[in-house]
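Visitor: Data: start-v2.txt, compact mmCIF, C-alpha atoms.
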```txt
# COMPACT_ATOMS: atom_id res chain seq x y z
CA MET M 1 -129.64 -114.89 91.53
CA ARG M 2 -127.32 -116.00 94.36
CA ARG M 3 -130.29 -116.47 96.68
CA LEU M 4 -132.11 -118.43 93.98
CA ALA M 5 -129.06 -120.60 93.34
CA ALA M 6 -128.68 -121.30 97.05
CA ALA M 7 -132.35 -122.25 97.32
CA VAL M 8 -132.11 -124.57 94.31
CA LEU M 9 -128.98 -126.20 95.71
CA THR M 10 -130.63 -126.75 99.08
CA LEU M 11 -133.65 -128.41 97.45
CA LEU M 12 -131.52 -130.63 95.24
CA LEU M 13 -129.20 -131.71 98.04
CA GLY M 14 -132.09 -132.47 100.37
CA ALA M 15 -134.19 -134.33 97.82
CA CYS M 16 -133.17 -137.85 98.81
CA ALA M 17 -132.51 -137.81 102.56
CA GLY M 18 -134.46 -140.45 104.45
CA ALA M 19 -135.92 -140.28 107.92
CA GLY M 20 -133.30 -140.03 110.64
CA ALA M 21 -132.69 -141.36 114.14
CA VAL M 22 -130.47 -140.08 116.94
CA SER M 23 -127.18 -141.97 117.05
CA GLU M 24 -126.95 -144.48 119.91
CA PRO M 25 -124.79 -142.83 122.62
CA TRP M 26 -121.27 -143.98 123.37
CA ARG M 27 -120.92 -145.74 126.72
CA GLY M 28 -117.22 -146.61 126.83
CA ALA M 29 -114.56 -145.56 129.33
CA ASP M 30 -113.65 -141.86 129.21
CA GLY M 31 -110.05 -141.77 127.96
CA GLY M 32 -110.49 -138.12 127.03
CA TRP M 33 -113.51 -138.79 124.80
CA THR M 34 -116.83 -136.92 125.07
CA PRO M 35 -120.10 -138.51 123.82
CA ALA M 36 -121.67 -136.65 120.88
CA ALA M 37 -125.32 -136.87 119.87
CA ALA M 38 -126.31 -136.47 116.23
CA GLU M 39 -129.18 -137.40 113.96
CA ILE M 40 -128.23 -140.02 111.38
CA ARG M 41 -130.25 -140.11 108.14
CA GLU M 42 -129.97 -142.72 105.43
CA ILE M 43 -129.36 -141.19 102.02
CA GLY M 44 -129.18 -142.38 98.43
CA LEU M 45 -127.62 -141.06 95.24
CA GLY M 46 -130.58 -138.76 94.65
CA LEU M 47 -131.96 -137.69 91.31
CA PRO M 48 -130.57 -139.46 88.23
CA GLY M 49 -128.20 -137.77 85.83
CA GLY M 50 -125.35 -136.62 88.07
CA ALA M 51 -123.96 -139.87 89.48
CA GLN M 52 -121.80 -141.88 87.09
CA LEU M 53 -120.32 -145.23 88.17
CA ALA M 54 -117.80 -147.19 86.14
CA PRO M 55 -118.52 -150.85 85.28
CA GLY M 56 -117.98 -153.01 88.35
CA VAL M 57 -118.72 -150.17 90.82
CA ARG M 58 -121.95 -150.08 92.80
CA PHE M 59 -123.38 -147.76 95.41
CA ALA M 60 -123.29 -149.42 98.86
CA GLY M 61 -125.37 -147.05 100.99
CA GLY M 62 -124.98 -143.64 102.54
CA ILE M 63 -125.77 -141.56 105.60
CA GLN M 64 -125.97 -137.93 106.60
CA ILE M 65 -124.70 -136.76 110.01
CA VAL M 66 -126.93 -133.94 111.25
CA ALA M 67 -125.82 -131.80 114.20
CA PRO M 68 -126.90 -128.34 115.44
CA ARG M 69 -125.12 -125.33 113.97
CA GLY M 70 -121.93 -124.59 115.85
CA HIS M 71 -121.54 -128.20 117.06
CA ARG M 72 -118.07 -129.75 116.99
CA LEU M 73 -119.35 -132.48 114.64
CA HIS M 74 -119.17 -130.06 111.72
CA GLY M 75 -116.14 -129.61 109.50
CA LEU M 76 -115.15 -133.29 109.20
CA SER M 77 -112.30 -133.19 106.71
CA ASP M 78 -110.86 -136.71 106.43
CA LEU M 79 -111.50 -140.24 107.69
CA LYS M 80 -109.90 -143.64 108.01
CA LEU M 81 -111.17 -146.97 109.34
CA ALA M 82 -110.21 -148.87 112.50
CA GLY M 83 -112.09 -152.14 112.14
CA GLU M 84 -115.74 -151.09 111.80
CA ASP M 85 -115.05 -147.71 113.41
CA MET M 86 -114.90 -144.48 111.45
CA VAL M 87 -112.11 -142.18 112.68
CA ALA M 88 -112.23 -138.60 111.41
CA VAL M 89 -110.58 -135.24 112.00
CA THR M 90 -112.13 -131.79 111.82
CA ASP M 91 -110.77 -128.50 110.58
CA ALA M 92 -111.13 -127.15 114.13
CA GLY M 93 -108.72 -129.70 115.63
CA ASP M 94 -111.03 -132.44 116.90
CA LEU M 95 -110.88 -136.21 116.55
CA VAL M 96 -114.19 -138.01 115.94
CA ARG M 97 -114.94 -141.72 116.26
CA GLY M 98 -118.05 -143.83 115.72
CA ARG M 99 -119.14 -147.37 114.83
CA LEU M 100 -120.48 -148.01 111.32
CA ALA M 101 -123.78 -149.89 111.03
CA PHE M 102 -125.02 -151.95 108.08
CA ASP M 103 -128.31 -153.32 106.79
CA ARG M 104 -129.04 -156.95 105.95
CA ARG M 105 -127.38 -156.56 102.56
CA GLY M 106 -124.21 -155.19 104.12
CA ARG M 107 -124.86 -151.63 102.90
CA LEU M 108 -123.94 -148.64 105.04
CA ALA M 109 -127.05 -147.68 107.04
CA GLY M 110 -126.04 -145.97 110.29
CA LEU M 111 -123.43 -144.70 112.73
CA SER M 112 -123.48 -145.20 116.50
CA GLY M 113 -121.37 -144.45 119.56
CA LEU M 114 -120.19 -141.07 118.31
CA ARG M 115 -117.60 -139.35 120.48
CA LEU M 116 -115.09 -136.49 120.26
CA ARG M 117 -111.81 -135.45 121.78
CA ASN M 118 -109.53 -132.46 121.28
CA LEU M 119 -106.27 -132.84 119.45
CA THR M 120 -103.47 -130.90 121.15
CA ALA M 121 -100.34 -128.98 120.27
CA GLU M 122 -96.79 -130.19 120.99
CA ASP M 123 -96.92 -128.69 124.49
CA GLY M 124 -100.04 -130.70 125.31
CA ARG M 125 -102.31 -127.65 125.34
CA PRO M 126 -105.34 -126.93 123.14
CA PHE M 127 -104.72 -125.12 119.89
CA PRO M 128 -104.88 -121.35 120.43
CA THR M 129 -106.82 -120.70 117.20
CA LYS M 130 -108.93 -122.64 114.71
CA ALA M 131 -106.25 -122.11 112.04
CA ASP M 132 -103.64 -123.76 114.30
CA GLY M 133 -105.88 -126.81 114.63
CA ASP M 134 -106.83 -127.06 110.95
CA ALA M 135 -106.56 -130.86 110.65
CA GLU M 136 -107.27 -131.83 107.04
CA SER M 137 -105.89 -135.35 106.80
CA LEU M 138 -105.02 -138.41 108.84
CA ALA M 139 -103.46 -141.84 108.53
CA ILE M 140 -103.55 -144.94 110.72
CA THR M 141 -100.57 -147.24 110.31
CA ALA M 142 -100.68 -151.03 110.40
CA ASP M 143 -99.46 -150.81 114.02
CA GLY M 144 -102.35 -148.50 114.96
CA GLU M 145 -100.39 -145.24 115.08
CA LEU M 146 -102.46 -142.11 114.40
CA ILE M 147 -100.78 -139.44 112.29
CA VAL M 148 -102.58 -136.15 111.57
CA GLY M 149 -101.82 -133.66 108.81
CA PHE M 150 -102.47 -129.94 109.37
CA GLU M 151 -102.92 -127.54 106.46
CA GLN M 152 -102.76 -123.87 107.47
CA THR M 153 -99.31 -124.40 109.04
CA PRO M 154 -98.09 -127.61 107.37
CA ARG M 155 -97.33 -130.30 109.97
CA LEU M 156 -97.44 -134.07 110.28
CA TRP M 157 -97.80 -135.09 113.91
CA SER M 158 -97.95 -138.54 115.46
CA TYR M 159 -100.37 -138.90 118.38
CA GLY M 160 -99.22 -142.42 119.22
CA LEU M 161 -101.50 -145.44 119.19
CA LEU M 162 -105.14 -144.75 118.40
CA ASP M 163 -106.26 -146.65 121.48
CA ALA M 164 -103.69 -144.97 123.75
CA LEU M 165 -103.36 -141.44 122.38
CA THR M 166 -100.73 -139.06 123.70
CA GLY M 167 -101.41 -135.41 124.48
CA ARG M 168 -97.96 -134.40 123.23
CA PRO M 169 -97.65 -135.27 119.55
CA ALA M 170 -94.30 -136.03 117.95
CA PRO M 171 -93.46 -134.17 114.72
CA ARG M 172 -92.57 -136.06 111.57
CA ALA M 173 -91.07 -134.89 108.29
CA VAL M 174 -93.50 -132.83 106.22
CA PRO M 175 -93.55 -132.26 102.44
CA PRO M 176 -92.49 -128.81 101.16
CA VAL M 177 -96.05 -127.57 100.70
CA PRO M 178 -97.27 -123.96 100.98
CA PRO M 179 -99.09 -122.77 104.11
CA GLY M 180 -102.74 -121.82 103.91
CA ASN M 181 -105.55 -123.45 101.95
CA GLU M 182 -103.33 -124.76 99.13
CA GLY M 183 -101.28 -127.09 101.31
CA LEU M 184 -101.31 -130.56 102.85
CA GLU M 185 -104.70 -132.10 102.08
CA ALA M 186 -104.41 -135.89 101.71
CA LEU M 187 -102.57 -138.55 103.71
CA ALA M 188 -102.45 -142.35 103.85
CA ALA M 189 -100.30 -145.03 105.44
CA GLY M 190 -98.60 -147.71 103.38
CA PRO M 191 -96.23 -150.58 104.05
CA GLU M 192 -93.15 -148.35 103.76
CA GLY M 193 -94.35 -145.09 105.29
CA LEU M 194 -96.81 -142.36 104.36
CA ARG M 195 -98.05 -140.94 101.08
CA ALA M 196 -99.15 -137.30 101.11
CA ALA M 197 -100.66 -134.92 98.55
CA ALA M 198 -101.20 -131.16 98.46
CA GLU M 199 -104.33 -129.42 97.21
CA ALA M 200 -102.14 -127.27 94.97
CA GLY M 201 -100.62 -130.41 93.46
CA GLY M 202 -97.70 -132.68 94.25
CA VAL M 203 -97.39 -136.14 95.79
CA TRP M 204 -94.74 -137.29 98.29
CA ASP M 205 -93.70 -140.48 100.06
CA CYS M 206 -92.71 -139.69 103.65
CA ARG M 207 -90.72 -141.53 106.26
CA PRO M 208 -90.38 -140.09 109.79
CA ALA M 209 -87.27 -138.04 108.92
CA ARG M 210 -87.68 -137.27 105.20
CA CYS M 211 -90.22 -136.80 102.39
CA THR M 212 -89.37 -137.64 98.78
CA ALA M 213 -91.28 -136.23 95.82
CA VAL M 214 -93.20 -138.77 93.73
CA THR M 215 -94.93 -136.17 91.56
CA PRO M 216 -93.63 -132.59 91.85
CA PRO M 217 -96.13 -129.74 92.19
CA PRO M 218 -97.13 -128.19 88.85
CA ALA M 219 -95.59 -124.89 87.83
CA THR M 220 -99.11 -123.38 87.81
CA PRO M 221 -101.28 -124.60 90.69
CA PRO M 222 -104.77 -125.80 89.74
CA ALA M 223 -107.59 -123.30 90.13
CA VAL M 224 -110.53 -123.87 92.48
CA ALA M 225 -112.56 -124.70 89.37
CA ASP M 226 -110.10 -127.50 88.49
CA TRP M 227 -110.01 -131.00 89.92
CA ARG M 228 -107.91 -131.24 93.08
CA ILE M 229 -106.96 -134.22 95.27
CA THR M 230 -108.60 -133.83 98.67
CA GLY M 231 -108.24 -137.32 100.21
CA MET M 232 -106.29 -140.56 99.84
CA ASP M 233 -106.11 -144.10 101.22
CA ARG M 234 -104.19 -147.26 100.47
CA ASP M 235 -105.64 -149.85 98.08
CA PRO M 236 -106.18 -152.83 100.43
CA ALA M 237 -105.34 -155.14 97.52
CA GLY M 238 -101.86 -153.53 97.49
CA GLY M 239 -99.79 -151.74 94.91
CA GLY M 240 -101.65 -148.46 94.77
CA TRP M 241 -103.91 -145.87 96.34
CA PHE M 242 -107.40 -144.46 95.95
CA VAL M 243 -108.00 -140.71 95.87
CA VAL M 244 -111.04 -138.47 96.02
CA GLU M 245 -110.95 -135.30 93.94
CA ARG M 246 -113.12 -132.19 94.25
CA MET M 247 -114.07 -129.41 91.85
CA TYR M 248 -116.16 -126.29 92.49
CA ARG M 249 -117.45 -123.76 89.98
CA GLU M 250 -119.61 -120.88 91.13
CA PRO M 251 -122.37 -120.55 91.96
CA ILE M 252 -123.52 -124.13 92.67
CA ASP M 253 -121.48 -126.62 90.60
CA MET M 254 -119.85 -128.89 93.21
CA ARG M 255 -118.47 -132.22 91.98
CA ALA M 256 -116.46 -135.14 93.34
CA ARG M 257 -114.86 -138.18 91.79
CA LEU M 258 -112.89 -141.29 92.77
CA ARG M 259 -109.79 -142.56 91.00
CA ARG M 260 -106.94 -144.98 91.62
CA MET M 261 -103.31 -143.83 91.86
CA ASP M 262 -100.42 -146.18 91.13
CA ALA M 263 -97.06 -146.26 92.89
CA SER M 264 -95.61 -143.68 90.47
CA GLY M 265 -98.38 -141.17 91.20
CA ARG M 266 -100.21 -141.73 87.91
CA LEU M 267 -103.99 -141.45 88.15
CA GLY M 268 -106.18 -144.03 86.47
CA PRO M 269 -109.68 -143.83 84.96
CA VAL M 270 -112.52 -142.24 86.90
CA LEU M 271 -114.45 -144.78 88.97
CA VAL M 272 -117.21 -142.58 90.39
CA THR M 273 -118.37 -139.05 89.54
CA LEU M 274 -120.90 -137.17 91.67
CA SER M 275 -122.54 -133.96 90.48
CA LEU M 276 -125.92 -132.24 90.46
CA PRO M 277 -128.76 -133.10 90.22
CA SER M 278 -127.62 -136.25 92.07
CA THR M 279 -126.19 -136.30 95.60
CA THR M 280 -122.97 -134.32 95.87
CA ASP M 281 -121.14 -132.03 98.28
CA ASN M 282 -117.68 -130.95 99.41
CA PHE M 283 -116.05 -134.39 99.58
CA GLU M 284 -112.62 -134.28 101.23
CA GLY M 285 -111.96 -137.70 102.77
CA VAL M 286 -111.71 -141.29 101.59
CA ALA M 287 -111.18 -144.59 103.41
CA THR M 288 -110.87 -148.10 101.99
CA THR M 289 -111.32 -151.64 103.25
CA ALA M 290 -111.40 -155.13 101.77
CA VAL M 291 -114.83 -156.78 101.45
CA ALA M 292 -115.98 -160.09 100.01
CA ALA M 293 -116.81 -158.51 96.64
CA GLY M 294 -113.50 -156.61 96.36
CA THR M 295 -112.88 -153.16 97.86
CA ARG M 296 -115.23 -150.80 99.66
CA LEU M 297 -114.55 -147.06 99.49
CA TYR M 298 -116.10 -144.54 101.88
CA ILE M 299 -116.08 -140.84 101.07
CA LEU M 300 -116.79 -138.06 103.58
CA SER M 301 -117.87 -134.46 102.94
CA ASP M 302 -116.90 -131.36 104.95
CA ASP M 303 -119.95 -129.11 105.44
CA ASN M 304 -117.92 -126.15 106.80
CA ASP M 305 -120.74 -125.65 109.35
CA ASN M 306 -122.64 -124.09 106.43
CA PRO M 307 -126.44 -124.61 106.46
CA ARG M 308 -126.41 -125.11 102.66
CA GLN M 309 -123.96 -128.02 102.89
CA ARG M 310 -124.13 -131.45 104.49
CA THR M 311 -121.89 -133.96 106.24
CA LEU M 312 -122.30 -137.07 104.07
CA LEU M 313 -120.70 -140.49 104.26
CA LEU M 314 -121.21 -142.57 101.10
CA ALA M 315 -120.01 -146.11 100.36
CA PHE M 316 -119.10 -147.70 97.03
CA ASP M 317 -118.09 -151.30 96.32
CA LEU M 318 -115.47 -151.81 93.65
CA GLU M 319 -114.97 -155.03 91.72
CA TRP M 320 -113.49 -153.37 88.65
CA ARG M 321 -109.70 -153.27 88.28
CA GLU M 322 -107.46 -151.50 85.80
CA PRO M 323 -106.22 -153.81 83.05
```
Step by step, read the file and then write its structure as structure tokens.

Guide:
Amino acid sequence: MRRLAAAVLTLLLGACAGAGAVSEPWRGADGGWTPAAAEIREIGLGLPGGAQLAPGVRFAGGIQIVAPRGHRLHGLSDLKLAGEDMVAVTDAGDLVRGRLAFDRRGRLAGLSGLRLRNLTAEDGRPFPTKADGDAESLAITADGELIVGFEQTPRLWSYGLLDALTGRPAPRAVPPVPPGNEGLEALAAGPEGLRAAAEAGGVWDCRPARCTAVTPPPATPPAVADWRITGMDRDPAGGGWFVVERMYREPIDMRARLRRMDASGRLGPVLVTLSLPSTTDNFEGVATTAVAAGTRLYILSDDNDNPRQRTLLLAFDLEWREP
């Protein structure tokens, strides 16, 4: 039955992928970056029935990043935007950057100039193990500072300006989250500091020297089969945040949804839900930007370098606002 379920999942997830093309190579100055080749395939929402969009929300294109097994482009666990560049981290301690491409209607249609560079420990050396480099979240401040959140051993480290990264990160205050896979999972920059969330629950506002609880962790952490926050970004219209949540129930029920969070940590109505038989996967990252129609949200999935999962980047345009 497990083999059958895996086969069914593979067929469903692959049902709507379009033809792909190799990403245009990056030709910039080195700066510690290494060009990365990948096949980029356009993708839609797949079969009807599993994708539910609230009034005022529309799908704005999607792509799949396809790389050979074992490649460093797997395991992308969060993203933010720097202009039209996607900036992502991986759960093996890499930083990934690439330029988004759009079709004539402004929908997401491609990704070019992909490149990678290692994140480093405080001593400037590579992480000794994958667990040490388990980057699960990132934030880019208004000044262009890159801050990365690590989960297995909870840390928030500043790597300086995105366009002039330092090899010796500076530690910042970190929320009191547990180590391991229940810890720091979501991070975003706001006008007065950072907002962070743990997979086991809890939301904090963090300045460089101190984190203050907005929503304390629940007495009983959510189960894997419950909805959990896995990514966060600032609402570009101000006054709130957008989060992506994930839920997994064995053997093949993987779901994701988008919601808005207000300043007090309260979550609003569901804006997007993704589940089978439509396109879905292990979505862990979200990034937002202002567009002419309102707000565009990008969500990114972590494929865990698992052949039955995919690295997907989907876009949604949001006109709807809470009353």

Visitor: At a cut-off of 12 Å from (-102.2, -140.7, 123.7) in the coordinates of the file, what residues are picked up using all atoms listed in the file, written as a ChimeraX atom specification?

Guide: /M:31-33,117-120,124,144-147,158-170

Visitor: Between M:Thr311, M:Thr141, M:Thr153, M:Ser264, which residue has the minimum interatomic distance to Asp205 of chain M, considering all atoms listed in the file?

Guide: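 That would be M:Ser264, the residue with the smallest distance to Asp205 of chain M.
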
Visitor: Can you list, as number ranges by chain, every protein, DNA or RNA residue that comes within 8 Å of segment 106-115 of chain M when you count only C-alpha atoms, leaving out same-chain residues fewer than 4 positions away?

Guide: M: 23-27, 33-38, 40-42, 60-63, 96-102, 314-315

Visitor: For a cut-off of 8 Å around (-90.0, -145.1, 106.4), file coordinates, pick out all residues using only C-alpha atoms and list them as JSON, numbers by chain.

Guide: {"M": [192, 193, 194, 206, 207, 208, 209]}

Visitor: Atom CA of Val177 of chain M and atom CA of Glu122 of chain M, how far apart in Å?

Guide: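 Calculated distance between atom CA of Glu122 of chain M and atom CA of Val177 of chain M is 20.5 Å.
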
Visitor: How far is it from atom CA of Thr212 of chain M to atom CA of Gly265 of chain M, in Å with one decimal?

Guide: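 Value for the atom CA of Thr212 of chain M-atom CA of Gly265 of chain M distance: 12.3 Å.
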
Visitor: Calculate how many Å separate atom CA of Leu258 of chain M from atom CA of Gly75 of chain M, rounding to one decimal.

Guide: 20.7 Å

Visitor: So which one's closest to Ala225 of chain M, M:Ala200, M:Met86, M:Met247, M:Val270? Using only C-alpha atoms, please.

Guide: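 Once distances to Ala225 of chain M are computed over only C-alpha atoms, the minimum belongs to M:Met247.
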
Visitor: List the neighbours of Asp235 of chain M out to 9 Å using only C-alpha atoms; skip same-chain residues closer than 3 positions along the sequence, and give me the result as a PyMOL selection string.

Guide: chain M and resi 238-242+260-261+288-290+295
